[in-house]
Amino acid sequence: MSTTTAVDPTKTSSLRSGRRFGDAIFSALSHSAGIVILLVLIGVTFFLFWGAKDALVADGSEVRGGAGLIAYIGPLIFGTLLSSIIALLIAVPLSIGIALFISHYAPRRLASGLGYVVDLLAAVPSIIFGLWGMQIAGSAVPSFEFLNEYLGFIPLFSGTVTTTGRTMLMIGIVLAIMILPIMTAVNREVFLQTPRLHEEASLALGATRWEMIRQTVIPFGKSGVVSGAMLGLGRALGETMAVAIILSASGGGYSWELLSANTPGTIAGDIALNFPESFGVERSTLFVSGLALFVVTFLVNMFARWIISRRSEFSGAN
Amino acid sequence: MTATTHDDVQAVGRLEKPVRWAILAGSAIAAIALLAALGALNPLSVVIVGSLIYCTVLYVAARAVEGARHATDRLVTGVVTTAFLLAMVPLISVIWTIVSKGLDRLDVEFFTFSMRGVGSGDIGGAYHAIIGTILTTGIATLISVPIGLFAAIYLVEYGNKGVLARGLTFFVDVMTGIPSIVAGLFAIGFFTMMLGDVAYQAGIVGAVALSVLMIPTVVRSSEEMLRLVPNELREASYALGVSKWLTIAKVVLPTAIAGLATGITLAIARVMGETAPLLITMGASRAVNFNPFEGSMSALPLFAYSSYANPGTNKEDSLAAAWTAALVLMALVMILNIVARLISKFFAPKTGR
Amino acid sequence: MSKRIDVKNLDIYYSDFLAVKDVSVTIEPRSVTALIGPSGCGKSTFLRSLNRMHEVIPGARVEGEVIIDGENLYGKGIDPVMVRRKVGMVFQKPNPFPTMSIKENVLAGVKLNNKRIGRTDADELVETSLRGANLWNEVKDRLDKPGSSLSGGQQQRLCIARTIAVKPEVVLMDEPCSALDPISTLAVEDLIAELKENYTIVIVTHNMQQAARCSDRTGFFNIEGTGKPGQLVEFNDTQTIFNTPSEKATEDYISGRFG
């Protein structure tokens with residue numbers, strides 16, 4: 001070993017020993033690991049483009065669907081956004097409620113256990129939610145019919161209700177359930193970071209528990225909730241298997257009907273379902289839509305991280 | 001709680017606990033009766049309708065007895081608790097469905113037979129998929145852990161908050177959000193370009209895709225753990241004339257080892273359940289394949305999906321196998337999570353005084 | 001075994017900020033030199049520059065010379081790691097390695113450097129080092145227990161044992177007693193008095209009685225104001241510094257008028 005120099009002071013007359021290969025190697029390894037990660041990220045972008053190039057230059061009639069890239073990918077982007085936004089609308093209030101319940105309402109002894117359960121649920125593989133959603137979709141039909149009958153005047157709930165229940169609304173609900181744990185975890189974390197002194201000051205001024213939460217916890221946690229929602233949105237956008245299994249997409253174009261069989265697919269689900277049997281320009285088209293998905297999630301995640309970094313600069317909490 | 005004692009002081013009157021319980025019980029009964037009459041009795045609807053009734057009655061009662069502010073407080077408590085219960089219903093339903101349906105085929109054949117040549121009459125099993133899961137997650141771990149760990153070491157020990165370090169932190173964060181299907185597309189693009197073979201399907205392609213998903217998780221958790229190692233220990237080591245790399249290798253890493261192991265275990269659990277990138281990269285083989293570099297391969301989540309999506313002639317058996325695969329997968333993920341917890345609980349060095 | 005330290009025109013920086021300005025001093029071998037002064041005056045920074053621990057902090061650097069045994073520590077081709085083997089350091093907070101036993105902590109300097117050491121040699125080194133740190137009798141029956149199981153004062157003496165096990169020529173101590181109770185402090189002070197038989201000792205302390213009790217020579221550091229660099233105002237025999245200081249600032253500080 002290069003570092004083996006005797007400790008005996010009579011021999012270490014010199015302070016020069018210099019060559020330490022261990023240090024050089026270790027430093028080089030760490031640096032290159034960092035660079036490899038950056039290269040992978042560049043590589044993801046590069047290979048998506050590389051895979052997409054055939055379809056990008058091909059004639060509109062050659063790509064999947066035969067009507068050009070925009071006609072093929074547009075509805076998919078629409079479907080992706082629609083399902084994710086439904087999921088977000090359901091999950092945001094619920095996750096705030098659950099997080100508040102765990103952080104401020106549940107008995108302390110129960111709270112840490114519940115937090116653990118939420119973490120555990122975040123680990124449930126998406127294929128499991130997919131199989132479950134497929135299983136229960138049928139039993140949701142009566143509720144869908146109910147919505148259609150009484151709220152059918154709202155365009156979202158109009159149209160003919162499917163008998164399978166495998167609709168846009170269903171997928172939105174399942175996605176909401178899937179992103180609940182991660183969003184709850186983020187929210188709980190920021191709610192728990194509320195300075196204890198603020199809370200006690202509020203209570204000491206005679207506030208009820210809800211008033212205390214409204215005055216201290218909510219303002220403090222607001223940006224955390226936004227970034228948690230963005231992380232959840234990122235997940236919902238990229239979720240594949242649950243959509244592939246549950247949603248029976250009909251290539252329905254830009255349809256707002258959440259309950260009918262006339263429904264667009266999502267990018268991720270579409271790739272998963274069609275990739276194995278596609279070749280040439282058709283396969284390349286799927287790379288284009290993958291690229292579109294990558295860009296959208298990238299932006300959403302960047303936004304989320306930006307909010308988090310801004311928040312940590314302000315509050316000093318991290 | 002502080003809030004409760006405080007109510008005693010200020011409130012004019014007070015809804016005592018027995019009264020609140022009575023309202024709760026009444027609401028539950030009313031909800032069940034109402035839903036039974038409508039013919040829509042199920043756990044979810046009981047929770048929704050029951051808590052609607054409970055919140056309304058409680059609010060009105062509290063407003064009459066305790067005043068508006070406390071009524072709002074009670075209402076929010078009700079709403080928050082309802083949100084929690086509401087979320088629990090589907091989550092319990094997921095677990096119940098998987099367990100009840102998956103137990104049917106949880107037999108010896110499931111773990112010892114592959115699906116090779118299985119036609120009607122034969123049952124087959126998921127042996128090949130279990131082998132596939134072990135191989136692909138194993139390779140992904142072998143790729144991700146060194147890269148992720150060294151990148152974390154870079155961030156904590158060498159980066160000094162420089163441009164590369166800050167950029168890396170940011171991009172690792174962004175990378176955690178890459179959709180799994182996109183990771184799969186990347187792996188396919190990479191291997192197609194390297195090998196020039198459009199139809200190359202093998203375990204290694206899936207493993208590379210999983211690595212893309214696993215690396216950022218490993219970096220984040222390892223970085224956090226390395227930062228928890230007190231600086232005093234590094235300084236103590238430097239002051240003894242120990243070089244930087246030996247300080248990292250022999251002081252920092254051993255001190256953080258429990259946390260690192262926990263993080264890596266959780267990362268493995270996370271990628272183990274990934275389906276989408278494997279679906280488009282590995283081609284769901286029905287036979288046992290020990291060679292990750294040649295030929296298609298299966299994995300547990302993939303097996304669950306293909307048994308559901310391409311059931312072949314014997315639909316019922318195939319679906320049953322899908323549920324069992326899902327159950328085994330979930331059990332594995334849960335076990336890994338619990339193991340991770342136990343590691344961090346029992347093997348953490350005792351730093352405290 | 002101990003060596004003289006000659007510091008010549010030493011400027012110490014954190015990035016662009018000049019923390020300590022133009023220190024020139026000679027520290028005699030086999031003596032205890034105490035550095036006193038108000039908080040933030042740069043005495044710890046100066047101490048850390050004597051074994052190149054200062055540069056562990058990103059952006060930190062030094063101009064000037066520190067000469068030990070005829071060699072400038074900041075000269076070209078000098079390896080800071082080798083410097084630290086010759087100039088050991090004990091920190092404010094006791095910091096035994098939590099993953100190691102008492103014995104392993106004492107042997108840390110040897111083991112961490114991947115050096116081979118025979119079993120009997122190791123046992124001997126552990127015993128002499130722990131005896132040297134006045135800790136042997138208290139821990140000889142539980143050498144395999146974790147280092148963190150000891151009391152604060154024992155931990156600090158363990159850290160001293162760990163430092164002298166590397167056989168340095170100089171031992172730097174950065175407020176070694178500030179985290180300890182009075183009884184442990186006394187034990188460490190007794191130890192310092194014994195250690196100076198063999199080592200050159202430099203100790204930073206906030207406690208003036210401690211400086212008066214255990215040092216032979218004392219240096220007083222001061223700053224003129226926030227943002228200004230710290231300076232070595234006066235350096236002399238401890239007796240002189242405490243009885244007839246030549247600078248007004250020193251007298252004010254010692255008599256408790258500020259700091």
# chains A, B, ... in the order shown; residues from 1 in each chain; ligands from 1

call {"tool": "closest_atom_pairs", "arguments": {"of": "region 45-154 of chain A", "to": "region 158-162 of chain A", "cutoff": "8 Å", "atoms": "only C-alpha atoms", "output": "JSON lines"}}
result
{"residue": "A:Val141", "atom": "CA", "partner": "A:Thr162", "partner_atom": "CA", "distance": 7.6}
{"residue": "A:Phe144", "atom": "CA", "partner": "A:Val161", "partner_atom": "CA", "distance": 7.0}
{"residue": "A:Glu145", "atom": "CA", "partner": "A:Val161", "partner_atom": "CA", "distance": 6.3}
{"residue": "A:Asn148", "atom": "CA", "partner": "A:Ser158", "partner_atom": "CA", "distance": 5.9}
{"residue": "A:Leu151", "atom": "CA", "partner": "A:Ser158", "partner_atom": "CA", "distance": 7.8}
{"residue": "A:Gly152", "atom": "CA", "partner": "A:Ser158", "partner_atom": "CA", "distance": 4.5}
{"residue": "A:Phe153", "atom": "CA", "partner": "A:Ser158", "partner_atom": "CA", "distance": 6.5}
{"residue": "A:Ile154", "atom": "CA", "partner": "A:Ser158", "partner_atom": "CA", "distance": 6.4}

call {"tool": "select_by_dssp", "arguments": {"residues": "region 62-120 of chain B", "states": "helix (DSSP H, G or I)", "output": "count of residues only"}}
result
47

call {"tool": "residues_around", "arguments": {"residues": "region 317-334 of chain B", "least_positions_apart": "3", "cutoff": "8 Å", "atoms": "only C-alpha atoms", "output": "short mmCIF file (atom, residue, chain, number, x, y, z; two decimals) with N, CA and C atoms, in the first residue's frame"}}
result
data_model
loop_
_atom_site.label_atom_id
_atom_site.label_comp_id
_atom_site.auth_asym_id
_atom_site.auth_seq_id
_atom_site.Cartn_x
_atom_site.Cartn_y
_atom_site.Cartn_z
N LEU A 120 -45.32 2.65 3.58
CA LEU A 120 -45.38 1.29 3.05
C LEU A 120 -46.26 1.24 1.80
N ALA A 123 -44.93 2.03 -1.49
CA ALA A 123 -44.07 1.03 -2.13
C ALA A 123 -44.86 -0.01 -2.92
N VAL A 124 -46.19 0.02 -2.84
CA VAL A 124 -46.98 -0.99 -3.55
C VAL A 124 -46.79 -0.81 -5.07
N PRO A 125 -46.37 -1.88 -5.76
CA PRO A 125 -46.11 -1.76 -7.21
C PRO A 125 -47.36 -1.38 -7.99
N ILE A 127 -48.46 -2.34 -10.82
CA ILE A 127 -49.19 -3.43 -11.46
C ILE A 127 -50.31 -3.92 -10.54
N ILE A 128 -50.05 -3.83 -9.23
CA ILE A 128 -51.05 -4.30 -8.27
C ILE A 128 -52.27 -3.39 -8.28
N LEU A 131 -54.25 -4.29 -11.48
CA LEU A 131 -55.10 -5.48 -11.39
C LEU A 131 -56.30 -5.22 -10.51
N ILE B 98 -55.94 -8.47 -3.34
CA ILE B 98 -54.74 -9.20 -3.71
C ILE B 98 -54.59 -10.47 -2.87
N VAL B 99 -54.79 -10.32 -1.56
CA VAL B 99 -54.58 -11.47 -0.68
C VAL B 99 -55.63 -12.54 -0.95
N LYS B 101 -57.54 -13.14 -3.54
CA LYS B 101 -57.48 -13.78 -4.85
C LYS B 101 -56.16 -14.51 -5.06
N GLY B 102 -55.11 -13.98 -4.42
CA GLY B 102 -53.79 -14.54 -4.67
C GLY B 102 -53.55 -15.85 -3.94
N LEU B 103 -54.29 -16.08 -2.82
CA LEU B 103 -54.03 -17.27 -2.02
C LEU B 103 -54.36 -18.55 -2.78
N ASP B 104 -55.31 -18.49 -3.75
CA ASP B 104 -55.74 -19.68 -4.48
C ASP B 104 -54.58 -20.49 -5.05
N ARG B 105 -53.67 -19.76 -5.67
CA ARG B 105 -52.60 -20.47 -6.38
C ARG B 105 -51.26 -20.43 -5.63
N LEU B 106 -51.30 -20.08 -4.36
CA LEU B 106 -50.05 -20.00 -3.60
C LEU B 106 -49.64 -21.42 -3.20
N PHE B 110 -46.41 -23.24 -8.02
CA PHE B 110 -46.22 -21.85 -8.42
C PHE B 110 -44.75 -21.46 -8.33
N ILE B 123 -50.90 -26.66 -15.16
CA ILE B 123 -51.06 -25.44 -14.38
C ILE B 123 -49.90 -24.49 -14.58
N GLY B 125 -46.25 -22.50 -13.45
CA GLY B 125 -45.93 -21.68 -12.28
C GLY B 125 -45.09 -20.49 -12.68
N ALA B 126 -44.55 -19.84 -11.67
CA ALA B 126 -43.84 -18.59 -11.92
C ALA B 126 -42.36 -18.72 -11.61
N ALA B 269 -36.53 -2.60 -3.42
CA ALA B 269 -37.97 -2.87 -3.32
C ALA B 269 -38.74 -2.06 -4.35
N ARG B 270 -38.28 -0.85 -4.58
CA ARG B 270 -38.99 0.01 -5.51
C ARG B 270 -38.90 -0.52 -6.94
N MET B 272 -38.17 -3.49 -7.93
CA MET B 272 -38.63 -4.87 -8.07
C MET B 272 -40.05 -4.92 -8.63
N GLY B 273 -40.86 -3.94 -8.30
CA GLY B 273 -42.24 -3.94 -8.75
C GLY B 273 -42.45 -3.29 -10.10
N LEU B 300 -41.54 -11.28 -12.14
CA LEU B 300 -42.82 -11.43 -11.45
C LEU B 300 -43.89 -10.44 -11.91
N PRO B 301 -43.60 -9.15 -11.91
CA PRO B 301 -44.65 -8.22 -12.33
C PRO B 301 -45.03 -8.44 -13.79
N PHE B 303 -44.88 -11.30 -15.36
CA PHE B 303 -45.66 -12.53 -15.37
C PHE B 303 -47.10 -12.23 -14.99
N ALA B 304 -47.26 -11.39 -13.95
CA ALA B 304 -48.61 -11.04 -13.53
C ALA B 304 -49.35 -10.35 -14.68
N TYR B 305 -48.65 -9.44 -15.35
CA TYR B 305 -49.31 -8.72 -16.42
C TYR B 305 -49.63 -9.62 -17.60
N SER B 306 -48.66 -10.43 -18.03
CA SER B 306 -48.93 -11.22 -19.23
C SER B 306 -49.94 -12.33 -18.95
N SER B 307 -49.96 -12.83 -17.71
CA SER B 307 -50.98 -13.82 -17.40
C SER B 307 -52.36 -13.20 -17.48
N TYR B 308 -52.43 -11.91 -17.16
CA TYR B 308 -53.72 -11.24 -17.24
C TYR B 308 -54.05 -10.87 -18.68
N PRO B 311 -53.97 -14.50 -21.64
CA PRO B 311 -54.22 -15.67 -20.82
C PRO B 311 -54.16 -16.99 -21.59
N GLY B 312 -54.21 -16.95 -22.91
CA GLY B 312 -54.20 -18.21 -23.66
C GLY B 312 -55.52 -18.94 -23.51
N ASN B 314 -56.60 -21.24 -21.21
CA ASN B 314 -57.21 -21.44 -19.90
C ASN B 314 -57.26 -20.14 -19.11
N ASN B 337 -39.23 -3.80 2.63
CA ASN B 337 -39.44 -2.56 3.38
C ASN B 337 -39.25 -2.77 4.87
N ILE B 338 -39.79 -3.87 5.36
CA ILE B 338 -39.67 -4.12 6.80
C ILE B 338 -38.22 -4.42 7.15
#

call {"tool": "closest_residue", "arguments": {"among": "C:Glu127, C:Asp121, C:Asp174, C:Asp252", "to": "chain B", "atoms": "only C-alpha atoms"}}
result
C:Asp174

call {"tool": "closest_atom_pairs", "arguments": {"of": "chain C", "to": "chain B", "cutoff": "7 Å", "atoms": "only C-alpha atoms", "output": "CSV"}}
result
residue,atom,partner,partner_atom,distance
C:Pro58,CA,B:Asn160,CA,6.3
C:Val81,CA,B:Gly241,CA,4.8
C:Met82,CA,B:Gly241,CA,6.0
C:Arg84,CA,B:Gly241,CA,4.6
C:Arg85,CA,B:Gly241,CA,4.4
C:Gly88,CA,B:Ala239,CA,5.8
C:Met89,CA,B:Ala239,CA,5.6
C:Asn95,CA,B:Leu233,CA,6.2
C:Phe97,CA,B:Leu233,CA,6.5
C:Pro98,CA,B:Thr351,CA,5.6
C:Thr99,CA,B:Pro349,CA,5.9
C:Gly109,CA,B:Leu240,CA,5.3
C:Leu112,CA,B:Lys250,CA,6.4
C:Asn113,CA,B:Val242,CA,5.9
C:Ser148,CA,B:Arg353,CA,6.6
C:Thr163,CA,B:Leu240,CA,6.4
C:Val166,CA,B:Leu240,CA,6.9

call {"tool": "write_last_selection", "arguments": {"atoms": "N, CA and C atoms", "output": "PDB file, in the first residue's frame"}}
result
ATOM      1  N   PRO C  58     -13.565  23.781   2.873  1.00  0.00           N
ATOM      2  CA  PRO C  58     -13.469  24.245   1.479  1.00  0.00           C
ATOM      3  C   PRO C  58     -13.130  25.728   1.391  1.00  0.00           C
ATOM      4  N   VAL C  81      -1.122  14.911   4.946  1.00  0.00           N
ATOM      5  CA  VAL C  81      -1.404  13.712   5.732  1.00  0.00           C
ATOM      6  C   VAL C  81      -0.212  13.351   6.611  1.00  0.00           C
ATOM      7  N   MET C  82       1.000  13.494   6.050  1.00  0.00           N
ATOM      8  CA  MET C  82       2.199  13.210   6.838  1.00  0.00           C
ATOM      9  C   MET C  82       2.365  14.249   7.947  1.00  0.00           C
ATOM     10  N   ARG C  84       0.060  15.691   9.575  1.00  0.00           N
ATOM     11  CA  ARG C  84      -0.855  15.419  10.685  1.00  0.00           C
ATOM     12  C   ARG C  84      -0.417  14.229  11.519  1.00  0.00           C
ATOM     13  N   ARG C  85       0.406  13.365  10.943  1.00  0.00           N
ATOM     14  CA  ARG C  85       0.925  12.266  11.767  1.00  0.00           C
ATOM     15  C   ARG C  85       1.954  12.791  12.747  1.00  0.00           C
ATOM     16  N   GLY C  88      -0.374  16.013  16.065  1.00  0.00           N
ATOM     17  CA  GLY C  88      -1.685  15.466  16.371  1.00  0.00           C
ATOM     18  C   GLY C  88      -2.620  16.531  16.904  1.00  0.00           C
ATOM     19  N   MET C  89      -3.914  16.181  16.978  1.00  0.00           N
ATOM     20  CA  MET C  89      -4.881  17.174  17.405  1.00  0.00           C
ATOM     21  C   MET C  89      -6.001  16.546  18.238  1.00  0.00           C
ATOM     22  N   ASN C  95     -14.558  12.991  20.350  1.00  0.00           N
ATOM     23  CA  ASN C  95     -15.142  12.364  19.164  1.00  0.00           C
ATOM     24  C   ASN C  95     -14.567  10.987  18.885  1.00  0.00           C
ATOM     25  N   PHE C  97     -14.527   7.189  17.601  1.00  0.00           N
ATOM     26  CA  PHE C  97     -15.255   6.594  16.469  1.00  0.00           C
ATOM     27  C   PHE C  97     -16.339   5.669  17.003  1.00  0.00           C
ATOM     28  N   PRO C  98     -17.603   5.931  16.641  1.00  0.00           N
ATOM     29  CA  PRO C  98     -18.706   5.181  17.257  1.00  0.00           C
ATOM     30  C   PRO C  98     -18.729   3.717  16.834  1.00  0.00           C
ATOM     31  N   THR C  99     -18.113   3.395  15.710  1.00  0.00           N
ATOM     32  CA  THR C  99     -18.176   2.004  15.253  1.00  0.00           C
ATOM     33  C   THR C  99     -17.058   1.163  15.866  1.00  0.00           C
ATOM     34  N   GLY C 109      -5.288   5.199  14.490  1.00  0.00           N
ATOM     35  CA  GLY C 109      -4.279   5.797  13.621  1.00  0.00           C
ATOM     36  C   GLY C 109      -3.500   4.760  12.843  1.00  0.00           C
ATOM     37  N   LEU C 112      -6.482   2.540  10.583  1.00  0.00           N
ATOM     38  CA  LEU C 112      -7.104   3.267   9.481  1.00  0.00           C
ATOM     39  C   LEU C 112      -6.121   3.474   8.336  1.00  0.00           C
ATOM     40  N   ASN C 113      -4.841   3.439   8.660  1.00  0.00           N
ATOM     41  CA  ASN C 113      -3.863   3.619   7.603  1.00  0.00           C
ATOM     42  C   ASN C 113      -3.419   2.302   6.988  1.00  0.00           C
ATOM     43  N   SER C 148     -17.927   4.930  22.759  1.00  0.00           N
ATOM     44  CA  SER C 148     -18.945   5.897  23.149  1.00  0.00           C
ATOM     45  C   SER C 148     -19.615   5.515  24.457  1.00  0.00           C
ATOM     46  N   THR C 163      -4.545   9.990  19.968  1.00  0.00           N
ATOM     47  CA  THR C 163      -3.617  10.910  19.310  1.00  0.00           C
ATOM     48  C   THR C 163      -2.166  10.533  19.596  1.00  0.00           C
ATOM     49  N   VAL C 166      -0.252   7.559  17.770  1.00  0.00           N
ATOM     50  CA  VAL C 166       0.381   7.764  16.465  1.00  0.00           C
ATOM     51  C   VAL C 166       1.821   8.264  16.650  1.00  0.00           C
TER      52      VAL C 166
END

call {"tool": "closest_atom_pairs", "arguments": {"of": "chain B", "to": "chain A", "cutoff": "7 Å", "atoms": "only C-alpha atoms", "output": "CSV"}}
result
residue,atom,partner,partner_atom,distance
B:Ala3,CA,A:Arg209,CA,5.7
B:His70,CA,A:Thr208,CA,6.8
B:Asp73,CA,A:Trp210,CA,5.1
B:Val76,CA,A:Trp210,CA,6.8
B:Val80,CA,A:Gly97,CA,4.6
B:Thr81,CA,A:Phe101,CA,6.2
B:Ala83,CA,A:Gly97,CA,5.3
B:Phe84,CA,A:Ile98,CA,4.6
B:Val94,CA,A:Trp132,CA,6.0
B:Thr97,CA,A:Trp132,CA,6.8
B:Ile147,CA,A:Ala33,CA,5.0
B:Phe150,CA,A:Ser30,CA,4.6
B:Ala151,CA,A:Gly34,CA,4.7
B:Ile153,CA,A:Ser30,CA,6.2
B:Tyr154,CA,A:Ser30,CA,4.8
B:Leu168,CA,A:Gly34,CA,6.8
B:Val174,CA,A:Asn301,CA,5.8
B:Gly177,CA,A:Asn301,CA,6.3
B:Ile178,CA,A:Phe294,CA,6.8
B:Pro179,CA,A:Gly238,CA,4.5
B:Ser180,CA,A:Gly238,CA,6.9
B:Ile181,CA,A:Ala268,CA,6.3
B:Val182,CA,A:Gly290,CA,5.9
B:Leu185,CA,A:Leu48,CA,6.8
B:Phe186,CA,A:Val44,CA,5.2
B:Gly189,CA,A:Phe47,CA,5.1
B:Phe190,CA,A:Phe47,CA,6.2
B:Lys244,CA,A:Asp23,CA,6.5
B:Trp245,CA,A:Asp23,CA,5.1
B:Arg270,CA,A:Ala123,CA,6.2
B:Gly273,CA,A:Pro125,CA,4.7
B:Glu274,CA,A:Pro125,CA,6.6
B:Thr275,CA,A:Ile127,CA,6.7
B:Ala276,CA,A:Met241,CA,6.1
B:Leu279,CA,A:Ala272,CA,7.0
B:Ile280,CA,A:Pro276,CA,5.8
B:Pro301,CA,A:Ile127,CA,6.7
B:Ala326,CA,A:Ile128,CA,6.0
B:Met330,CA,A:Val124,CA,6.5

call {"tool": "closest_atom_pairs", "arguments": {"of": "chain C", "to": "chain A", "cutoff": "9 Å", "atoms": "only C-alpha atoms", "output": "JSON lines"}}
result
{"residue": "C:Met1", "atom": "CA", "partner": "A:Pro9", "partner_atom": "CA", "distance": 7.6}
{"residue": "C:Asp69", "atom": "CA", "partner": "A:Ser13", "partner_atom": "CA", "distance": 8.5}
{"residue": "C:Glu71", "atom": "CA", "partner": "A:Leu15", "partner_atom": "CA", "distance": 8.0}
{"residue": "C:Leu73", "atom": "CA", "partner": "A:Leu15", "partner_atom": "CA", "distance": 7.9}
{"residue": "C:Gly77", "atom": "CA", "partner": "A:Arg16", "partner_atom": "CA", "distance": 6.1}
{"residue": "C:Ile78", "atom": "CA", "partner": "A:Arg16", "partner_atom": "CA", "distance": 4.9}
{"residue": "C:Asp79", "atom": "CA", "partner": "A:Arg16", "partner_atom": "CA", "distance": 5.4}
{"residue": "C:Pro80", "atom": "CA", "partner": "A:Leu15", "partner_atom": "CA", "distance": 8.0}
{"residue": "C:Val81", "atom": "CA", "partner": "A:Leu15", "partner_atom": "CA", "distance": 8.5}
{"residue": "C:Met82", "atom": "CA", "partner": "A:Leu15", "partner_atom": "CA", "distance": 5.3}
{"residue": "C:Val83", "atom": "CA", "partner": "A:Leu15", "partner_atom": "CA", "distance": 6.0}
{"residue": "C:Arg85", "atom": "CA", "partner": "A:Val7", "partner_atom": "CA", "distance": 7.7}
{"residue": "C:Lys86", "atom": "CA", "partner": "A:Pro9", "partner_atom": "CA", "distance": 7.9}
{"residue": "C:Val110", "atom": "CA", "partner": "A:Val7", "partner_atom": "CA", "distance": 8.3}
{"residue": "C:Asn113", "atom": "CA", "partner": "A:Thr3", "partner_atom": "CA", "distance": 6.8}
{"residue": "C:Asn114", "atom": "CA", "partner": "A:Thr4", "partner_atom": "CA", "distance": 7.2}
{"residue": "C:Lys115", "atom": "CA", "partner": "A:Thr4", "partner_atom": "CA", "distance": 6.1}
{"residue": "C:Arg116", "atom": "CA", "partner": "A:Thr4", "partner_atom": "CA", "distance": 8.9}
{"residue": "C:Val166", "atom": "CA", "partner": "A:Val7", "partner_atom": "CA", "distance": 6.6}
{"residue": "C:Lys167", "atom": "CA", "partner": "A:Val7", "partner_atom": "CA", "distance": 7.0}
{"residue": "C:Pro168", "atom": "CA", "partner": "A:Pro9", "partner_atom": "CA", "distance": 7.6}
{"residue": "C:Glu169", "atom": "CA", "partner": "A:Pro9", "partner_atom": "CA", "distance": 8.0}

call {"tool": "residues_around", "arguments": {"residues": "Leu75 (chain B)", "least_positions_apart": "5", "cutoff": "8 Å", "atoms": "only C-alpha atoms", "output": "compact mmCIF listing (two decimals) with N, CA and C atoms, in the first residue's frame"}}
result
# COMPACT_ATOMS: atom_id res chain seq x y z
N CYS B 55 -70.94 14.86 9.93
CA CYS B 55 -70.38 16.22 9.92
C CYS B 55 -71.49 17.26 10.04
N THR B 56 -72.57 17.04 9.29
CA THR B 56 -73.65 18.01 9.32
C THR B 56 -74.29 18.10 10.70
N LEU B 58 -73.14 17.11 13.57
CA LEU B 58 -72.20 17.60 14.57
C LEU B 58 -72.06 19.12 14.48
N TYR B 59 -71.98 19.60 13.24
CA TYR B 59 -71.82 21.05 13.06
C TYR B 59 -73.01 21.80 13.64

call {"tool": "residues_around", "arguments": {"residues": "Ser101 (chain C)", "least_positions_apart": "4", "cutoff": "7 Å", "atoms": "only C-alpha atoms", "output": "list in words"}}
result
Asn105, Leu143, Asp144, Lys145, Pro146 and Gly147 of chain C

call {"tool": "write_last_selection", "arguments": {"atoms": "N, CA and C atoms", "output": "compact mmCIF listing (two decimals), in the first residue's frame"}}
result
# COMPACT_ATOMS: atom_id res chain seq x y z
N ASN C 105 -10.26 2.20 18.97
CA ASN C 105 -10.10 3.65 18.91
C ASN C 105 -8.66 4.06 19.14
N LEU C 143 -11.87 -3.19 27.34
CA LEU C 143 -11.27 -2.63 26.12
C LEU C 143 -12.13 -2.89 24.88
N ASP C 144 -12.99 -3.92 24.96
CA ASP C 144 -13.78 -4.25 23.77
C ASP C 144 -15.14 -3.58 23.75
N LYS C 145 -15.42 -2.78 24.77
CA LYS C 145 -16.68 -2.02 24.78
C LYS C 145 -16.56 -0.84 23.81
N PRO C 146 -17.69 -0.37 23.26
CA PRO C 146 -17.59 0.77 22.35
C PRO C 146 -17.06 2.02 23.05
N GLY C 147 -16.30 2.82 22.30
CA GLY C 147 -15.70 4.02 22.86
C GLY C 147 -16.74 4.99 23.36

call {"tool": "residues_around", "arguments": {"residues": "region 67-81 of chain A", "least_positions_apart": "4", "cutoff": "7 Å", "atoms": "only C-alpha atoms", "output": "list in words"}}
result
Gly60, Ser61, Val63, Ile85, Leu237, Gly253, Tyr254, Pro264, Gly265, Thr266, Ile267 and Ser289 of chain A

call {"tool": "atom_distance", "arguments": {"atom1": "CA of His54 (chain C)", "atom2": "CA of Val20 (chain C)"}}
result
11.9 Å

call {"tool": "residues_around", "arguments": {"residues": "Thr240 (chain C)", "least_positions_apart": "2", "cutoff": "12 Å", "atoms": "only C-alpha atoms", "output": "VMD selection string"}}
result
chain C and resid 212 215 to 220 234 to 238 242 to 247 250 to 251 254

call {"tool": "atom_distance", "arguments": {"atom1": "CA of Ser202 (chain A)", "atom2": "CA of Glu189 (chain A)"}}
result
20.5 Å

call {"tool": "closest_residue", "arguments": {"among": "B:Gly26, B:Gly138, B:Gly117, B:Gly39", "to": "Thr265 (chain B)", "atoms": "only C-alpha atoms"}}
result
B:Gly138
